[in-house]
Each structure stands twice: as C-alpha cells, then as structure tokens.
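Structure data follow from entry.cif (mmCIF, C-alpha atoms):
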data_run
loop_
_atom_site.label_atom_id
_atom_site.label_comp_id
_atom_site.auth_asym_id
_atom_site.auth_seq_id
_atom_site.Cartn_x
_atom_site.Cartn_y
_atom_site.Cartn_z
CA MET X 1 -7.27 -21.28 -35.24
CA ASN X 2 -5.01 -20.54 -38.21
CA GLN X 3 -1.52 -19.09 -38.08
CA SER X 4 -2.54 -15.59 -39.18
CA THR X 5 -5.14 -15.37 -36.42
CA PHE X 6 -2.59 -16.55 -33.85
CA ASN X 7 -0.06 -13.91 -34.97
CA LEU X 8 -2.67 -11.18 -34.94
CA ASN X 9 -3.75 -12.04 -31.44
CA GLY X 10 -0.14 -12.10 -30.31
CA GLU X 11 0.45 -8.69 -31.85
CA ASP X 12 -2.71 -7.37 -30.26
CA ARG X 13 -1.59 -8.68 -26.90
CA ALA X 14 1.83 -7.02 -27.22
CA LEU X 15 0.17 -3.78 -28.34
CA GLU X 16 -2.19 -3.96 -25.38
CA ILE X 17 0.71 -4.15 -22.95
CA ALA X 18 2.69 -1.48 -24.79
CA CYS X 19 -0.28 0.89 -24.71
CA GLY X 20 -0.71 0.49 -20.98
CA GLU X 21 -3.76 -1.78 -20.85
CA GLN X 22 -1.78 -3.95 -18.44
CA PRO X 23 -0.03 -1.54 -16.05
CA GLN X 24 1.11 -4.40 -13.81
CA GLN X 25 3.25 -5.83 -16.60
CA ARG X 26 4.59 -2.42 -17.57
CA PHE X 27 5.43 -1.69 -13.94
CA GLU X 28 7.40 -4.93 -13.66
CA THR X 29 9.19 -4.33 -16.96
CA PHE X 30 9.87 -0.58 -16.95
CA GLY X 31 9.25 0.64 -13.39
CA ALA X 32 6.77 3.14 -11.96
CA ALA X 33 8.34 6.16 -13.67
CA ALA X 34 7.40 4.77 -17.09
CA LEU X 35 3.69 4.61 -16.29
CA SER X 36 1.23 7.27 -17.35
CA ASP X 37 -1.02 9.04 -14.84
CA THR X 38 -3.91 6.80 -15.85
CA GLU X 39 -1.81 3.66 -15.48
CA LEU X 40 -0.67 4.65 -11.98
CA ILE X 41 -4.26 5.17 -10.86
CA ALA X 42 -5.26 1.91 -12.53
CA LEU X 43 -2.56 0.11 -10.62
CA LEU X 44 -4.03 1.41 -7.36
CA LEU X 45 -7.60 0.51 -8.32
CA HIS X 46 -6.51 -3.05 -9.22
CA SER X 47 -9.83 -3.94 -10.87
CA GLY X 48 -12.55 -2.32 -12.90
CA ILE X 49 -16.32 -2.56 -12.70
CA ARG X 50 -19.02 -4.07 -14.88
CA GLY X 51 -18.97 -2.26 -18.19
CA ALA X 52 -15.67 -0.47 -17.56
CA SER X 53 -12.10 -1.74 -17.39
CA VAL X 54 -9.77 -0.62 -14.64
CA ARG X 55 -8.04 1.67 -17.14
CA GLU X 56 -11.34 3.28 -18.11
CA LEU X 57 -12.20 3.82 -14.47
CA ALA X 58 -8.81 5.40 -13.87
CA SER X 59 -9.35 7.68 -16.88
CA ARG X 60 -12.64 8.85 -15.40
CA ILE X 61 -10.92 9.80 -12.15
CA ILE X 62 -8.25 11.83 -13.98
CA ALA X 63 -10.94 13.49 -16.13
CA GLN X 64 -13.03 14.45 -13.09
CA ALA X 65 -10.00 15.87 -11.28
CA GLY X 66 -8.81 17.70 -14.39
CA SER X 67 -5.26 16.42 -13.95
CA MET X 68 -3.13 14.37 -11.59
CA ALA X 69 -2.36 17.57 -9.70
CA GLY X 70 -6.08 18.12 -9.28
CA LEU X 71 -6.28 15.00 -7.14
CA ALA X 72 -4.24 16.74 -4.43
CA THR X 73 -7.41 18.28 -2.99
CA TRP X 74 -9.62 15.20 -3.27
CA LYS X 75 -11.16 13.63 -0.18
CA CYS X 76 -12.67 10.20 0.29
CA GLU X 77 -16.13 11.47 -0.64
CA ASP X 78 -14.81 12.85 -3.93
CA PHE X 79 -13.57 9.42 -5.00
CA ARG X 80 -16.80 7.76 -3.88
CA LYS X 81 -18.85 9.94 -6.21
CA LEU X 82 -17.52 7.83 -9.07
CA LYS X 83 -19.39 4.63 -9.79
CA GLY X 84 -17.25 1.67 -8.80
CA ILE X 85 -15.38 3.38 -5.95
CA GLY X 86 -16.61 2.00 -2.64
CA PRO X 87 -15.83 3.11 0.93
CA ALA X 88 -12.69 0.97 1.31
CA LYS X 89 -11.15 2.01 -2.01
CA GLY X 90 -12.12 5.63 -1.40
CA ARG X 91 -10.32 5.61 1.95
CA GLN X 92 -7.27 3.96 0.40
CA LEU X 93 -6.99 6.55 -2.36
CA ALA X 94 -7.62 9.46 0.01
CA ALA X 95 -4.96 8.11 2.38
CA LEU X 96 -2.47 7.93 -0.48
CA ILE X 97 -3.20 11.56 -1.37
CA GLU X 98 -2.60 12.59 2.25
CA ILE X 99 0.66 10.61 2.39
CA SER X 100 1.86 12.40 -0.75
CA ARG X 101 0.87 15.76 0.71
CA ARG X 102 2.81 15.12 3.92
CA MET X 103 5.85 13.87 2.04
CA MET X 104 5.92 17.07 -0.01
CA LYS X 105 5.49 19.17 3.13
CA ASP X 106 8.33 17.41 4.92
CA SER X 107 10.65 17.69 1.92
CA THR X 108 10.14 21.44 1.54
CA GLY X 109 9.80 22.50 5.18
CA GLU X 110 12.51 23.09 7.71
CA ALA X 111 13.64 20.30 9.99
CA PRO X 112 12.15 20.38 13.50
CA VAL X 113 13.95 22.05 16.40
CA PHE X 114 14.43 20.08 19.61
CA VAL X 115 15.20 22.02 22.79
CA ARG X 116 12.71 20.61 25.31
CA PRO X 117 12.15 17.01 26.50
CA GLU X 118 8.43 17.14 25.78
CA GLN X 119 9.28 17.72 22.11
CA ILE X 120 11.33 14.52 22.13
CA ALA X 121 8.50 12.62 23.83
CA ASP X 122 5.92 13.91 21.36
CA HIS X 123 8.13 13.05 18.39
CA LEU X 124 8.70 9.49 19.57
CA ALA X 125 5.14 8.85 20.78
CA PRO X 126 3.85 7.34 17.49
CA ILE X 127 7.07 5.34 17.11
CA ILE X 128 7.06 3.71 20.55
CA ARG X 129 3.32 3.01 20.66
CA GLY X 130 2.90 -0.72 21.13
CA LEU X 131 6.62 -1.47 21.44
CA GLU X 132 7.33 -4.34 23.81
CA VAL X 133 11.11 -3.87 23.86
CA GLU X 134 13.38 -0.97 24.70
CA LYS X 135 14.96 0.94 21.85
CA PHE X 136 17.61 3.65 21.95
CA TRP X 137 17.68 6.63 19.58
CA VAL X 138 20.10 9.45 18.86
CA PHE X 139 18.80 12.83 17.65
CA CYS X 140 21.67 14.36 15.66
CA LEU X 141 21.32 18.15 15.78
CA ASN X 142 23.00 21.11 14.12
CA ARG X 143 24.13 24.32 15.84
CA ARG X 144 20.57 25.63 15.88
CA ASN X 145 19.22 22.41 17.41
CA ARG X 146 17.52 21.43 14.18
CA LEU X 147 17.30 17.72 13.51
CA LYS X 148 19.80 16.41 11.00
CA LYS X 149 19.11 12.72 11.52
CA LEU X 150 17.23 10.46 13.91
CA VAL X 151 19.01 7.13 14.26
CA GLU X 152 17.96 3.99 16.12
CA ILE X 153 21.08 2.63 17.78
CA THR X 154 19.97 -0.50 19.61
CA SER X 155 16.91 -2.64 20.24
CA GLY X 156 16.94 -4.69 23.44
CA THR X 157 14.61 -6.61 25.72
CA ALA X 158 11.49 -5.63 27.60
CA THR X 159 13.58 -4.23 30.46
CA ASN X 160 17.01 -3.48 29.06
CA CYS X 161 18.51 -1.60 26.14
CA LEU X 162 22.06 -0.47 26.71
CA ALA X 163 23.86 1.76 24.22
CA HIS X 164 27.61 2.15 24.23
CA PRO X 165 28.95 5.71 23.87
CA ARG X 166 31.12 4.49 20.99
CA GLU X 167 28.03 3.62 18.94
CA VAL X 168 26.26 6.85 19.88
CA PHE X 169 29.05 9.22 18.95
CA ARG X 170 30.03 7.28 15.85
CA VAL X 171 26.58 8.13 14.51
CA ALA X 172 26.89 11.74 15.67
CA ILE X 173 30.22 12.17 13.86
CA GLN X 174 28.93 10.39 10.75
CA HIS X 175 26.04 12.86 10.41
CA GLY X 176 28.03 15.95 11.33
CA ALA X 177 26.12 16.66 14.53
CA THR X 178 27.29 19.45 16.80
CA ALA X 179 24.94 18.27 19.55
CA ILE X 180 22.88 15.19 20.28
CA ILE X 181 19.88 14.20 22.34
CA CYS X 182 19.66 10.56 23.36
CA ALA X 183 16.33 8.91 24.07
CA HIS X 184 14.98 5.50 24.86
CA ASN X 185 11.61 4.07 25.78
CA HIS X 186 10.36 2.09 28.75
CA PRO X 187 7.72 -0.42 27.59
CA SER X 188 6.28 -0.48 31.13
CA GLY X 189 5.24 3.14 30.62
CA ASP X 190 7.02 4.36 33.75
CA PRO X 191 9.85 6.64 32.58
CA ALA X 192 11.73 6.62 35.90
CA PRO X 193 15.38 5.87 35.08
CA SER X 194 16.95 2.59 36.09
CA SER X 195 20.43 2.23 37.56
CA ALA X 196 21.62 1.13 34.10
CA ASP X 197 20.11 4.31 32.60
CA LEU X 198 22.01 6.41 35.12
CA GLN X 199 25.26 4.63 34.36
CA VAL X 200 24.88 4.97 30.59
CA THR X 201 24.07 8.67 30.95
CA ARG X 202 27.25 9.25 32.98
CA GLN X 203 29.28 7.45 30.31
CA LEU X 204 27.66 9.49 27.54
CA ARG X 205 28.32 12.72 29.45
CA GLU X 206 32.02 11.92 29.82
CA ALA X 207 32.34 10.85 26.18
CA SER X 208 30.63 14.02 24.94
CA ARG X 209 33.16 16.16 26.80
CA ALA X 210 36.05 14.22 25.34
CA ILE X 211 34.73 14.35 21.77
CA ASP X 212 33.36 17.92 22.05
CA ILE X 213 29.88 17.04 20.83
CA ALA X 214 27.32 18.35 23.30
CA LEU X 215 24.97 15.90 24.98
CA SER X 216 21.97 18.20 25.28
CA ASP X 217 19.77 15.67 27.06
CA HIS X 218 18.91 12.05 27.62
CA VAL X 219 15.16 11.50 27.68
CA VAL X 220 13.36 8.37 28.85
CA VAL X 221 9.94 8.11 27.24
CA GLY X 222 7.01 6.23 28.71
CA SER X 223 3.34 7.15 29.05
CA ALA X 224 1.65 9.83 31.12
CA SER X 225 -0.82 7.34 32.59
CA SER X 226 2.02 5.22 34.02
CA ASP X 227 4.13 8.16 35.21
CA PRO X 228 3.49 9.20 38.85
CA ARG X 229 4.29 12.77 37.78
CA GLY X 230 1.87 12.57 34.85
CA LEU X 231 4.48 13.72 32.32
CA GLY X 232 5.19 10.52 30.42
CA TYR X 233 8.91 11.27 30.15
CA TYR X 234 12.02 11.79 32.27
CA SER X 235 14.71 14.31 31.35
CA PHE X 236 18.20 13.91 32.75
CA ARG X 237 18.81 17.57 31.89
CA GLN X 238 15.79 18.78 33.83
CA SER X 239 16.66 16.53 36.75
CA GLY X 240 20.11 18.11 36.99
CA ALA X 241 22.02 14.96 36.06
CA LEU X 242 23.56 16.63 32.97
#
Please render this file's structure as structure tokens.
Amino acid sequence: MNQSTFNLNGEDRALEIACGEQPQQRFETFGAAALSDTELIALLLHSGIRGASVRELASRIIAQAGSMAGLATWKCEDFRKLKGIGPAKGRQLAALIEISRRMMKDSTGEAPVFVRPEQIADHLAPIIRGLEVEKFWVFCLNRRNRLKKLVEITSGTATNCLAHPREVFRVAIQHGATAIICAHNHPSGDPAPSSADLQVTRQLREASRAIDIALSDHVVVGSASSDPRGLGYYSFRQSGAL
C-alpha cells in the first residue's frame, strides 16, 4: 500500500464518521443532540442486515414514517413490516415510542392531585412492587393538593424504616410545600401500623403544627391480598390518628 492510498483511506474514514456512517463515534464525540434523525434510529438498531447497512435500514424507517414525528403513531407491527426488524427489535422500538409519548404527556399535563389514601397506594404500587426493604416517601403538595415533588427520605430494613421529622420537613420546606403526605411500605404486605409507625406519626403531627405545614396523612402501603381488610393500605387520617 502506497502513501497516497493510505492518506485517501484515512480521509475516507474521517469523512465516513463526519457524515454519520458511524453514529456511535459521533455520539461519543458530539453528544446525542448532534445526531441526525437517521443516526439516532441507527444507534437504536445497532446493526444492519445483509445487503443494507444500519444507516440504510434507519433511512428506510424514516422514509416509511414520513418523518421522525410520524413514528409517534407506530406500533410494533409497523416496525416489523420492514425487512430486518424482528420481534425483539420491534418491541424495543415500540417501547421507546411509548416512553417518549408518556414523557411528553407528563411534561405538558397537570401534576396529580392527592386527597385520598387509595391514590397514594395506587401511585406507589409500581414503585414498591418487589421491594424487600421499607422505604419512606414524602409527597410535597401545593395549596390545591397537587404534587410538587415526591421524595424518598429513607430506606431501611425488611421490618423497619424510621424517618425523623427533621428530614421530612426539611424536604417540605425545600420544595415549598404547603402540605405533605407521608407514606411508607411494608414488605410483608400487611399494612397494619407498627408501634414505631404510631410513634413516628405522632412526632410528625407535632412537628407539622410547629412548622405550620399540614400533615394531610400518613399512609402505610402493602398489598390487598395480605391485608385482612382487603384494602392494601392503612391511612392514619382515616383511622382518626391525625
């Protein structure tokens, strides 16, 4: 190989990267924002098929959809219509579209309102599923009981997760909450409060009065199948302890 051939190949290689034929390298060098629509799709596909590079396959997807925005309505079966997109890759791409859709919905919609313990239990259900330790959360609310911030305060053991009022109300003040709802899970599934839960709730109640940030409720979340009442949660407010 002579010098001119070596230089030409080197220039071709640099041009290939600059033109987006290697989106991985461009991603590492310039970040995701610098990538074209085709390069972003190519990065997700990872590899091409016989007779078509990953970039060519990505171009076909964009062409079929009409634009990147056109992909917003695509389902798994739409991706699988293209040669080279199998079931696994189709599901992955469709899942990414759905994630993007939900992110846009959450960013433009109003924050949820929390006024009932079952709303707290439903909101935490996907978070606590499979947890083997107790965790303690604070729902920071505004004057209309809309969520401003959900903050995990502590993570404990399988049977114990104490939260000090100082930590709870520090978070509430930091996020400008006018009211809070505290919640923690019981990995056993039985939401019946322990003696420690009762003590912490009394401390939180006294602290809320001193600081003038309402403690709207303290909810213990378990599972309906392990709850003798069949609810799956225990509300200190409903029980009359607040």
- Would you write out, as a list in words, every residue that the PyMOL selection byres ((chain X and resi 68-70) around 12) captures in this file?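 With the PyMOL selection byres ((chain X and resi 68-70) around 12) on this model, the match is Ser36, Asp37, Thr38, Glu39, Leu40, Ile41, Ala58, Ser59, Arg60, Ile61, Ile62, Ala63, Gln64, Ala65, Gly66, Ser67, Leu71, Ala72, Thr73, Trp74, Lys75, Asp78, Ile97, Ser100 and Arg101 of chain X.
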- Query: In Å, how far is it from atom CA of X:Val221 to atom CA of X:Glu134?
  - Reply: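 So the two atoms, atom CA of X:Val221 and atom CA of X:Glu134, lie 10.0 Å apart.
Residue selection for this entry, given the PyMOL selection byres ((chain X and resi 161-175) around 6), comprises Glu134, Cys140, Gly156, Asn160, Gly176, Ala177 and Leu204 of chain X.
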- List the residues selected by the PyMOL selection byres ((chain X and resi 139) around 8) in the file shown, writing them as a PyMOL selection string. chain X and resi 137-138+140-141+147-151+180-183
For the residues in the current selection, export C-alpha atoms as a PDB file, in the coordinates of the input.
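Writing the result to selection_9.pdb gives the following:
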ATOM      1  CA  TRP X 137      17.680   6.630  19.580  1.00  0.00           C
ATOM      2  CA  VAL X 138      20.100   9.450  18.860  1.00  0.00           C
ATOM      3  CA  CYS X 140      21.670  14.360  15.660  1.00  0.00           C
ATOM      4  CA  LEU X 141      21.320  18.150  15.780  1.00  0.00           C
ATOM      5  CA  LEU X 147      17.300  17.720  13.510  1.00  0.00           C
ATOM      6  CA  LYS X 148      19.800  16.410  11.000  1.00  0.00           C
ATOM      7  CA  LYS X 149      19.110  12.720  11.520  1.00  0.00           C
ATOM      8  CA  LEU X 150      17.230  10.460  13.910  1.00  0.00           C
ATOM      9  CA  VAL X 151      19.010   7.130  14.260  1.00  0.00           C
ATOM     10  CA  ILE X 180      22.880  15.190  20.280  1.00  0.00           C
ATOM     11  CA  ILE X 181      19.880  14.200  22.340  1.00  0.00           C
ATOM     12  CA  CYS X 182      19.660  10.560  23.360  1.00  0.00           C
ATOM     13  CA  ALA X 183      16.330   8.910  24.070  1.00  0.00           C
TER      14      ALA X 183
END
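The spacing separating atom CA of X:Glu132 from atom CA of X:Ala179 amounts to 29.0 Å.
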Need the shell around X:Ser194: protein/DNA/RNA residues with any atom at most 12 Å away, counting all atoms listed in the file. Skip same-chain ones fewer than 4 positions apart. Format as a PDB file with C-alpha atoms, keeping the file's coordinate frame?
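And here's part_14.pdb as it stands now:
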ATOM      1  CA  THR X 159      13.580  -4.230  30.460  1.00  0.00           C
ATOM      2  CA  ASN X 160      17.010  -3.480  29.060  1.00  0.00           C
ATOM      3  CA  CYS X 161      18.510  -1.600  26.140  1.00  0.00           C
ATOM      4  CA  LEU X 162      22.060  -0.470  26.710  1.00  0.00           C
ATOM      5  CA  HIS X 184      14.980   5.500  24.860  1.00  0.00           C
ATOM      6  CA  ASN X 185      11.610   4.070  25.780  1.00  0.00           C
ATOM      7  CA  HIS X 186      10.360   2.090  28.750  1.00  0.00           C
ATOM      8  CA  ASP X 190       7.020   4.360  33.750  1.00  0.00           C
ATOM      9  CA  LEU X 198      22.010   6.410  35.120  1.00  0.00           C
ATOM     10  CA  GLN X 199      25.260   4.630  34.360  1.00  0.00           C
ATOM     11  CA  VAL X 200      24.880   4.970  30.590  1.00  0.00           C
ATOM     12  CA  THR X 201      24.070   8.670  30.950  1.00  0.00           C
ATOM     13  CA  VAL X 220      13.360   8.370  28.850  1.00  0.00           C
ATOM     14  CA  TYR X 234      12.020  11.790  32.270  1.00  0.00           C
ATOM     15  CA  PHE X 236      18.200  13.910  32.750  1.00  0.00           C
TER      16      PHE X 236
END
